[in-house]
Structures are given as C-alpha cells and as structure tokens.
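Chemist: One structure, as structure tokens, below. Some questions next.
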Amino acid sequence: MKLQVWMSCMVISATSSLMAQQFQFTTKQPQAGKKVSFTYSPIGGPLEKEANIDFTAYSFNRSKNKFLAHDVEVTKKGNQYTGSFKSDTGARIVMVVPEVGEKKDNNQKKGFYSPVYDNKGKLRTEVGYNEATIWEGFGEAMAGVPSDINKSFELLQQAWSTASASEKNAMLGGYIMTLNRVKKKEAKPEIISILDQVSSSPSATETVMNISVEWYKRMGEMEKSASLEKKMKEAYPNGTWKSTEKFRSFMSQSDFDKKLEIYQSLLQDPAIFTKEQGLKEYMISNLAQMAANSKKENKWEIFQNLANQLKPSERYGLYNNIAWDLSYKKDTLIDRAFVLSKEATEWAEKQMNQPSEPKPEEMTTRTWVNVRKQTFAMYADTYAWVLYKQGKYEEGLKYAKAGSELKEWKDAEYNDRYVQLASKVLSKETLIAELERIAKLGGLGKEGKQQLVKLLTGTLGSEQMAEQRLKELTASGKEKMRIELAKKMIQEPAPQFSLKDLTGKTVSLASLEGKVVIVDFWATWCGPCIQSFPGMQQAQNELSNQSDVVFLFVNTWESQPTQEARDKEVRELLKKSNYSFQVLYDEKGSSDEYEVVSKFKVEGIPTKFIIDKKGQIRFKSVGYGGNQDALVEELKAMVELAK
C-alpha cells in the first residue's frame, strides 16, 4: 500500500494506544496468521472497578467478507493484563475489545486496533479499506465504537486513490455506497465516472459488472445499465446472475408447487449452489416452512424430506420455530409440535454439553458456549409450552425451569411459562415462595404478577395489601436496573430534524426543547418493531400524565411505490391495534437515503433514542428482546434518568 494510506493507518493506530495510556500492542507490527500480543490496564477507563475482564480479539478482511473472532490467552498481575491471540491468515486489521458482559472499553470511542503487516514490515493491501469498516458499523457492533461515516469516507478515498485495478474491484460496492451517503446529490457524476471506468476495464469481474448494473439503475442511467447487463450475461453465460434471477423468481412466488419447481430446476446445475453459499439451505428452509404451514396433509411428508436435507443446527432451528407456531394454532396439531420440539430440545441439550458441530469462526469459545446454552434455553422453553398444552405439567416444569435458569431468571416471558406450569404442580406455599423469589430478581412477567397478587390476596386478606407486597418485592430489581442503566448513559447532541406527521403538521425536535423525547425508528415490514408496539403503547400510556415527555415514532426505510401507499399501510397498522402514536415520516434525500435515520447513524431497527430536555441523547436502545414488561420498565427508568 502507498505511503498516504500508511500514514493514515499508523497515526490512528498510534492514537488508539496512546490517548488512554492503558492499551498497547506489544507486537509492534502484527502479521497475519501470527501471534499478536498486547497489554492493558483498566485504570482511568470504564472497566476500572471490574475485578475480572474478558477480551475478544477480531481480525478481518473486508474483501473476503471474513470477520473472525479469536480466543485470547490472558494473564493478570495487579491491574495489568497481558494477552495474546493468533490472527487470521487473511487479516488486514486486528482489534481487541476489553469487556465485562455488555460493558466495553472503547478507548474513548476510538477502539483498540492495528493494521496488519507482511513479513517484510510493509502494510498489507487494502488496510485503509478495512479500517473504514470500523467506522461504518463494525466498530459499534463489536467494540462500542460509534459510527462515523465521514471518517470512513476519508479512509476510503485515500485507499481508492492508491488502489490497483483488482483492489478497486473489491472496494467498488462499499466505496460507492459511502460516496453516495456523504456527497448525496453531488455524488452522481463521480459515481457514473467510476462505474464507466471499472465496468469497462478488462479486469472487470461479474461481481463488478453486477454492482455497476444496479448502480447505473439507481443513478437513472437505464441505457447504460441494460447495455452492461447484456455484456455481463454474454461474458459470463453460466455466472451467478442466473441463480440470482431464479432466486428472485423463487422469492416472489407464493405458490408452493411453483416454488418447489424453481428450486428443483436449480438442482440441475449444482455449480450454482457452489457459487452461492447458503442459497440452497435458505431455499430449503423457506420451502419447508411453507410445507409445514400448509393445510394439506401430503405437505407434511414433503416438509420432513426437505428438513432432512438441512444440516442439524438449521434443521432443529426450523423444528423449534415450527413447533412454536403449531402450538399456537389448533390443539389438533399439538402432537405434531411435540415430536418436532422434543427432537430439537434433545439435540440442543447434547450440543450444549458435548457439541458435535465445530465452533463458528466468528465466535470465541466463550461466546460459543453461551450461544449453545441460550439455544437450549430457547428450545426448552418451546418444549415446556408444548408439554403444558398437552397437560404434561411435571415434565414441562422441568424444561421451563431449565430455560429460566439459563436466562438467570431475568426473562419475564420465559418465567411466565415457568409460572403457568408451576401453578399446576407446586403447592400454594411453595408457589408463593417461588414467585416472590423471581419478583425480587425483577423477572416476573404479567402472568407471574397476576398469579402472585391473587395468591397473596388470599394470604394477606386484601388485594391492596397484595399489591403493596408486590411493589416492595420488585423495588430492589427496579433499583438494580436503574443503577445499571445509569452506567450506560451517554451525552451526545441529537441531530436536528423537522418531519411531517400523519396530519401533515411539521414537527421539529427544536420545538420540543424542555421535554424528554423518545424517538423510535421503525418500519411496517420490521417484525421486532411491530412486536415492540404493545409495550411502547403501554409505556406511552403510563407516562401520559407527564407533560414534559413526548413519544415520536419515526417511520423510515419503507419501500412502497408511492407516499399514498406508504401512508395507507401505516394508518391500517395503527388502526388495527388502536395505537395512538404520533408518527412522523422520514424523508429521502437526494442520495435516495432516508435522511433522519442516517443522521442518527441507525444501523438496524427498531432503535430508540431518549433525548433529554437540552437536546442531548442520553440513551440508545437497539432491538426488542420480546419482554413487554421489561421494555416498559426500562423506558420509564430511562426517562426518569434523562430528566
């Protein structure tokens, strides 16, 4: 790599280790496939008071789409940790993340990472391209390093300016995407010029041509797109475009038999599945799911034949999902759900204790152990519910308890399943003791709370006394949650925005100064977003008496052909469940990206921001864990802390 990129990477890497004076790569020039050593002291950082710190190491090569995690050997002497790991042979960047649970030391938002060198002490190719990955979301997901698209673009520009033709082929998609995000409407001439250059090069691969075809379309250059697509198909008559076209046809088809026909036509050319890793498994899973949900009896045999073609982890994951779905349909299907769930749960328990499948490269051993435990917990929870539906309460309680224990009794949804079974098996006194224990841990769900109040009402003599007892029991759990949330508080200026709501009224963040604002980014197609809405409605209801709290639900990342279609779909969704949300419509800018969600650097939805009365972001919450009560209590605590 040329000097310009070397300077950028070296300056940033040096900053990573010197700013905090707590981390240092003692291997001065880390090499791919070799041992990399480091020292770390938590003094002065967010992990200073932690007794035992874990470390995860990563090495990645963006061009090969390899982001691998490594086990770290660590010794501790006083406050000093000394660690080492073996990087991947294709590594371009190595990164170390000190962590305790979900808490990470991100080196004052800079991360601890280093470029990788060859055996002659020169930087490996594409280092700048890989370093940019850290600032595009990888750093935030793995190390708690906030995304910075401008910083990423600066690194990409430097890398692009010195890259060879083959390196530009590898960088093309990522570079153009970031260029478009940063420069917006000014990017179009530059993007077209780049596409003209790379797509006409003798070294242009099918992947490069395909990327160019799609970006020409996006830029409105339909003739160039069509001409290049024709050229690509002539140059690569048996290319991956064939499977892509059939896959699109497969996904757009709603008829099972026609879908199966498309899949079977692809089987005639095994090379297609060799080129497209994971495509075959995805199509089989999709077909199997459709067959299992079919009302036609003959489809069940087809489902079993399809499922048997999957590797065990995918097959039993499918079994668990289908068993869960069947258990909520007709009771006549519960025996079918039992067979699937039992087999999946027994497999998961064996894998938890003695895994037969190899550790995934993207996980450390520590993470892999936890994933196997959580997989068994999930399957055991499904199995417990199926057994409950069958009236096999004692056996079901055993599995419900196993699932809740692996969740450390923190998951109210799992605990509710345990409560339902326990109420059928345990004595009144034992059940009260169990419910009170879970309540103290802050893990009681709706079912558990109702059961406890009912039982305590009989014991204490009044519902009022029972409610008071429940309040006392849950107080410590709420305080513990509040303390943990306080540790996660941030303080960053919230991006300003003005958007129209369903009535056409413009709502600006500036106009809400002096209020705590909850901004929830969502989309109509987003399952977890919709699943979180009952909890969001409950939280909004419970905080409705606080005039200094405002909820804004920003609809974004939609793909309806018109605003009218988008508006219709949003309104129907709200009306169906009687949600009283103030919905704002995020708008696309000249770069064809939704602007406000981009300003907030959102990588996935649902994502919620709690903004204080001075316009500072104090909390960012990504995803939905499936626990309505936990969501409500967490939001209420965040609002209280933000005031």
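Going by the structure tokens order, chains are called A, B, ..., each with residues numbered from 1, while ligands are numbered from 1 in the order shown.
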Return as a Markdown table the residues of region 313-353 of chain A lying at most 8 Å from region 370-389 of chain A, together with the closest atom-to-atom pair for each and the distance in Å to one decimal, counting only C-alpha atoms, with rows in chain order and ascending residue number.

Modeler:
| residue | atom | partner | partner_atom | distance |
| --- | --- | --- | --- | --- |
| A:Asn320 | CA | A:Tyr379 | CA | 6.1 |
| A:Ala323 | CA | A:Thr382 | CA | 7.4 |
| A:Trp324 | CA | A:Thr382 | CA | 6.0 |
| A:Ser327 | CA | A:Val386 | CA | 6.1 |
| A:Asp331 | CA | A:Lys389 | CA | 7.8 |
| A:Ile334 | CA | A:Val386 | CA | 6.8 |
| A:Ala337 | CA | A:Val386 | CA | 6.9 |
| A:Phe338 | CA | A:Val386 | CA | 6.1 |
| A:Ser341 | CA | A:Tyr383 | CA | 5.4 |
| A:Lys342 | CA | A:Tyr383 | CA | 6.4 |
| A:Ala344 | CA | A:Tyr379 | CA | 6.7 |
| A:Thr345 | CA | A:Tyr379 | CA | 5.2 |
| A:Ala348 | CA | A:Phe376 | CA | 4.9 |
| A:Glu349 | CA | A:Phe376 | CA | 5.7 |
| A:Gln351 | CA | A:Arg372 | CA | 6.7 |
| A:Met352 | CA | A:Arg372 | CA | 5.0 |

Chemist: Given the choices A:Trp557, A:Tyr418, A:Phe38, A:Trp409, which gets closest to Leu431 (chain A) if the distance is worked out from only C-alpha atoms?

Modeler: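 That would be A:Tyr418, the residue with the smallest distance to Leu431 (chain A).
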
Chemist: Taking the chain letters and numbering used in this document, name the residues of region 94-332 of chain A that DSSP puts in helix (DSSP H, G or I), as a ChimeraX atom specification.

Modeler: /A:127-143,149-162,165-199,206-218,222-235,240-252,256-267,270-275,279-293,298-307,312-327,331-332

Chemist: Between A:Glu48, A:Glu346, A:Glu301, A:Glu542, which has the minimum distance to Tyr399 (chain A) (counting only C-alpha atoms)?

Modeler: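 That would be A:Glu346, the residue with the smallest distance to Tyr399 (chain A).
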
Chemist: Quick one: residues within 7 Å of region 493-502 of chain A, only C-alpha atoms counted, chain neighbours fewer than 4 positions away excluded, as a ChimeraX atom specification?

Modeler: /A:506-510,582-586,596,599-600,615-617

Chemist: Please, what distance in Å, to one decimal, runs between CA of Pro561 (chain A) and CA of Ala523 (chain A)?

Modeler: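 Atom-to-atom, CA of Pro561 (chain A) to CA of Ala523 (chain A), that is 14.7 Å.
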
Chemist: One number please: CA of Met489 (chain A) to CA of Ile610 (chain A), in Å, one decimal.

Modeler: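 Spanning CA of Met489 (chain A) to CA of Ile610 (chain A) is a straight-line distance of 9.9 Å.
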
Chemist: Between A:Ile149, A:Ile43, A:Ile518, A:Leu156, which has the minimum distance to Asn130 (chain A) (counting only C-alpha atoms)?

Modeler: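 Closest candidate: A:Leu156.
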
Chemist: Name the closest residue to Met232 (chain A) among the candidates A:Glu245, A:Gln451, A:Thr205, A:Gln157; distances are taken between atoms, counting only C-alpha atoms.

Modeler: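 Looking only at the distances to Met232 (chain A), the closest residue turns out to be A:Thr205.
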
Chemist: Could you pull the residues within 12 Å of Lys258 (chain A), counting only C-alpha atoms, minus those fewer than 6 positions along the same chain, as a VMD selection string?

Modeler: chain A and resid 246 249 to 252 264 to 265 287

Chemist: Which is closest to Asp416 (chain A) among A:Ser164, A:Gln538, A:Gln628, A:Lys575, if we use only C-alpha atoms?

Modeler: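 Closest to Asp416 (chain A) of all the choices is A:Gln628.
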
Chemist: Could you please determine the separation between CA of Gln289 (chain A) and CA of Leu306 (chain A) in Å, to one decimal place?

Modeler: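 Answer for the CA of Gln289 (chain A) to CA of Leu306 (chain A) separation: 9.5 Å.
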
Chemist: Pick out each residue of region 28-253 of chain A that DSSP on the backbone tags as strand (DSSP E); I need them as an NGL selection string.

Modeler: :A and (35-40 or 54-61 or 66-70 or 73-77 or 80-86 or 93-100 or 103-104 or 112-115)

Chemist: Find the residues around Ser200 (chain A) up to 10 Å (only C-alpha atoms counted), leave out those fewer than 6 positions away in its own chain, and share them as a list of chain:residue names.

Modeler: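 The contact residues come out as A:Val208, A:Met209, A:Leu228.
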
Chemist: Sorted by chain and rising residue number, which residues of region 65-122 of chain A lie within 12 Å of region 463-487 of chain A, and what are their closest atom pairs and distances in Å to one decimal, counting only C-alpha atoms, as a tab-separated table?

Modeler:
residue	atom	partner	partner_atom	distance
A:Gly101	CA	A:Glu484	CA	11.8
A:Glu102	CA	A:Glu484	CA	10.8
A:Lys103	CA	A:Lys487	CA	9.0
A:Lys104	CA	A:Lys487	CA	11.4

Chemist: Generate the output file for the selected residues, all heavy atoms, as a compact mmCIF listing (two decimals), in the first residue's frame.

Modeler:
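Saved the output as selection-v8.txt:
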# COMPACT_ATOMS: atom_id res chain seq x y z
N GLY A 101 -19.37 -8.53 30.37
CA GLY A 101 -20.75 -8.61 29.94
C GLY A 101 -20.96 -7.73 28.72
O GLY A 101 -20.24 -7.83 27.73
N GLU A 102 -21.94 -6.83 28.79
CA GLU A 102 -22.22 -5.93 27.68
C GLU A 102 -21.40 -4.64 27.75
O GLU A 102 -21.41 -3.85 26.81
CB GLU A 102 -23.71 -5.58 27.66
CG GLU A 102 -24.61 -6.78 27.36
CD GLU A 102 -26.07 -6.39 27.28
OE1 GLU A 102 -26.37 -5.18 27.45
OE2 GLU A 102 -26.91 -7.27 27.05
N LYS A 103 -20.71 -4.43 28.87
CA LYS A 103 -19.93 -3.20 29.03
C LYS A 103 -18.56 -3.36 28.37
O LYS A 103 -17.86 -4.34 28.61
CB LYS A 103 -19.75 -2.87 30.50
CG LYS A 103 -19.08 -1.52 30.76
CD LYS A 103 -18.62 -1.36 32.19
CE LYS A 103 -19.77 -1.37 33.16
NZ LYS A 103 -19.31 -1.11 34.55
N LYS A 104 -18.19 -2.40 27.53
CA LYS A 104 -16.93 -2.47 26.81
C LYS A 104 -16.11 -1.21 27.03
O LYS A 104 -16.65 -0.13 27.22
CB LYS A 104 -17.19 -2.64 25.30
CG LYS A 104 -18.09 -3.81 24.93
CD LYS A 104 -18.35 -3.85 23.44
CE LYS A 104 -19.44 -4.86 23.10
NZ LYS A 104 -19.07 -6.23 23.39

Chemist: Tell me which of A:Pro46, A:Gly278, A:Pro534, A:Gly461 sits closest to Ser580 (chain A), counting only C-alpha atoms.

Modeler: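 Under the stated criterion, the closest residue is A:Pro534.
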
Chemist: Show me, as an NGL selection string, the residues that have an atom within 12 Å of Gln197 (chain A) when counting only C-alpha atoms, minus same-chain residues fewer than 2 positions from it.

Modeler: :A and (165 or 168-169 or 172 or 190-195 or 199-204 or 208-209 or 212)

Chemist: Please write the residues from the selection above to a file, keeping all heavy atoms, as a short mmCIF file (atom, residue, chain, number, x, y, z; two decimals), in the first residue's frame.

Modeler:
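Result went into part23.cif, see below:
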data_model
loop_
_atom_site.label_atom_id
_atom_site.label_comp_id
_atom_site.auth_asym_id
_atom_site.auth_seq_id
_atom_site.Cartn_x
_atom_site.Cartn_y
_atom_site.Cartn_z
N ALA A 165 -6.18 -2.00 -9.87
CA ALA A 165 -7.46 -2.32 -10.51
C ALA A 165 -8.19 -3.44 -9.76
O ALA A 165 -9.40 -3.37 -9.54
CB ALA A 165 -7.23 -2.73 -11.96
N LYS A 168 -9.62 -2.09 -6.54
CA LYS A 168 -10.81 -1.27 -6.78
C LYS A 168 -12.03 -2.17 -7.05
O LYS A 168 -13.15 -1.84 -6.65
CB LYS A 168 -10.58 -0.32 -7.96
CG LYS A 168 -9.70 0.86 -7.60
CD LYS A 168 -9.57 1.84 -8.75
CE LYS A 168 -8.76 3.07 -8.32
NZ LYS A 168 -8.59 4.04 -9.42
N ASN A 169 -11.80 -3.30 -7.72
CA ASN A 169 -12.89 -4.25 -7.92
C ASN A 169 -13.47 -4.70 -6.59
O ASN A 169 -14.69 -4.79 -6.42
CB ASN A 169 -12.40 -5.47 -8.70
CG ASN A 169 -12.18 -5.17 -10.17
OD1 ASN A 169 -12.61 -4.13 -10.68
ND2 ASN A 169 -11.51 -6.07 -10.87
N LEU A 172 -15.36 -1.64 -4.78
CA LEU A 172 -16.34 -0.86 -5.53
C LEU A 172 -17.66 -0.63 -4.79
O LEU A 172 -18.09 0.51 -4.62
CB LEU A 172 -16.61 -1.53 -6.88
CG LEU A 172 -17.62 -0.80 -7.78
CD1 LEU A 172 -17.11 0.57 -8.16
CD2 LEU A 172 -17.92 -1.64 -9.02
N GLU A 190 -19.67 11.72 -10.16
CA GLU A 190 -18.48 10.98 -9.76
C GLU A 190 -18.76 9.48 -9.78
O GLU A 190 -17.92 8.69 -10.23
CB GLU A 190 -18.05 11.41 -8.36
CG GLU A 190 -16.69 10.88 -7.95
CD GLU A 190 -16.19 11.47 -6.64
OE1 GLU A 190 -16.78 12.48 -6.17
OE2 GLU A 190 -15.23 10.92 -6.08
N ILE A 191 -19.93 9.08 -9.32
CA ILE A 191 -20.28 7.66 -9.31
C ILE A 191 -20.35 7.12 -10.74
O ILE A 191 -19.82 6.04 -11.03
CB ILE A 191 -21.63 7.44 -8.58
CG1 ILE A 191 -21.45 7.65 -7.08
CG2 ILE A 191 -22.17 6.02 -8.86
CD1 ILE A 191 -22.74 7.60 -6.29
N ILE A 192 -21.00 7.85 -11.62
CA ILE A 192 -21.11 7.41 -13.02
C ILE A 192 -19.74 7.29 -13.66
O ILE A 192 -19.45 6.33 -14.39
CB ILE A 192 -22.01 8.37 -13.82
CG1 ILE A 192 -23.45 8.26 -13.31
CG2 ILE A 192 -21.95 8.05 -15.31
CD1 ILE A 192 -24.39 9.27 -13.90
N SER A 193 -18.85 8.25 -13.37
CA SER A 193 -17.50 8.20 -13.91
C SER A 193 -16.75 6.96 -13.42
O SER A 193 -16.06 6.28 -14.20
CB SER A 193 -16.73 9.46 -13.49
OG SER A 193 -15.38 9.39 -13.90
N ILE A 194 -16.90 6.64 -12.14
CA ILE A 194 -16.26 5.44 -11.58
C ILE A 194 -16.80 4.18 -12.23
O ILE A 194 -16.06 3.27 -12.61
CB ILE A 194 -16.46 5.39 -10.05
CG1 ILE A 194 -15.67 6.51 -9.37
CG2 ILE A 194 -16.04 4.03 -9.49
CD1 ILE A 194 -15.99 6.68 -7.90
N LEU A 195 -18.12 4.11 -12.37
CA LEU A 195 -18.74 2.94 -12.99
C LEU A 195 -18.28 2.76 -14.42
O LEU A 195 -18.00 1.63 -14.87
CB LEU A 195 -20.26 3.05 -12.93
CG LEU A 195 -20.92 3.08 -11.55
CD1 LEU A 195 -22.42 3.28 -11.68
CD2 LEU A 195 -20.62 1.80 -10.78
N SER A 199 -16.25 -0.76 -14.97
CA SER A 199 -17.03 -1.76 -15.70
C SER A 199 -16.50 -2.03 -17.10
O SER A 199 -16.76 -3.09 -17.67
CB SER A 199 -18.50 -1.33 -15.78
OG SER A 199 -18.64 -0.14 -16.54
N SER A 200 -15.75 -1.07 -17.65
CA SER A 200 -15.19 -1.25 -18.99
C SER A 200 -13.77 -1.81 -18.95
O SER A 200 -13.18 -2.11 -19.98
CB SER A 200 -15.18 0.08 -19.75
OG SER A 200 -14.36 1.03 -19.07
N SER A 201 -13.22 -1.96 -17.75
CA SER A 201 -11.86 -2.46 -17.60
C SER A 201 -11.78 -3.94 -17.97
O SER A 201 -12.72 -4.71 -17.71
CB SER A 201 -11.39 -2.28 -16.15
OG SER A 201 -10.18 -2.98 -15.93
N PRO A 202 -10.69 -4.38 -18.59
CA PRO A 202 -10.51 -5.81 -18.91
C PRO A 202 -10.55 -6.70 -17.67
O PRO A 202 -10.83 -7.89 -17.77
CB PRO A 202 -9.13 -5.85 -19.58
CG PRO A 202 -8.91 -4.46 -20.10
CD PRO A 202 -9.57 -3.56 -19.10
N SER A 203 -10.26 -6.11 -16.51
CA SER A 203 -10.23 -6.89 -15.27
C SER A 203 -11.58 -6.93 -14.57
O SER A 203 -11.70 -7.50 -13.49
CB SER A 203 -9.18 -6.31 -14.31
OG SER A 203 -9.55 -5.00 -13.89
N ALA A 204 -12.61 -6.35 -15.18
CA ALA A 204 -13.93 -6.30 -14.55
C ALA A 204 -14.49 -7.72 -14.37
O ALA A 204 -14.61 -8.47 -15.34
CB ALA A 204 -14.88 -5.46 -15.37
N VAL A 208 -18.31 -7.10 -10.25
CA VAL A 208 -18.16 -5.67 -10.55
C VAL A 208 -19.22 -5.23 -11.56
O VAL A 208 -19.84 -4.17 -11.41
CB VAL A 208 -16.74 -5.38 -11.10
CG1 VAL A 208 -16.67 -3.99 -11.72
CG2 VAL A 208 -15.72 -5.49 -9.97
N MET A 209 -19.43 -6.03 -12.58
CA MET A 209 -20.44 -5.68 -13.58
C MET A 209 -21.83 -5.64 -12.96
O MET A 209 -22.62 -4.73 -13.24
CB MET A 209 -20.42 -6.70 -14.73
CG MET A 209 -19.20 -6.59 -15.64
SD MET A 209 -19.33 -7.74 -17.03
CE MET A 209 -17.90 -7.27 -18.00
N SER A 212 -22.26 -2.58 -10.92
CA SER A 212 -22.39 -1.43 -11.82
C SER A 212 -23.77 -1.37 -12.46
O SER A 212 -24.36 -0.28 -12.59
CB SER A 212 -21.31 -1.50 -12.91
OG SER A 212 -20.02 -1.49 -12.35
#

Chemist: Got a sec: who's within 7 Å of region 60-76 of chain A, counting only C-alpha atoms, leaving out chain neighbours fewer than 5 positions off, as an MDAnalysis selection string?

Modeler: chainID A and resid 55 81:85 90:94 130 170 361:365
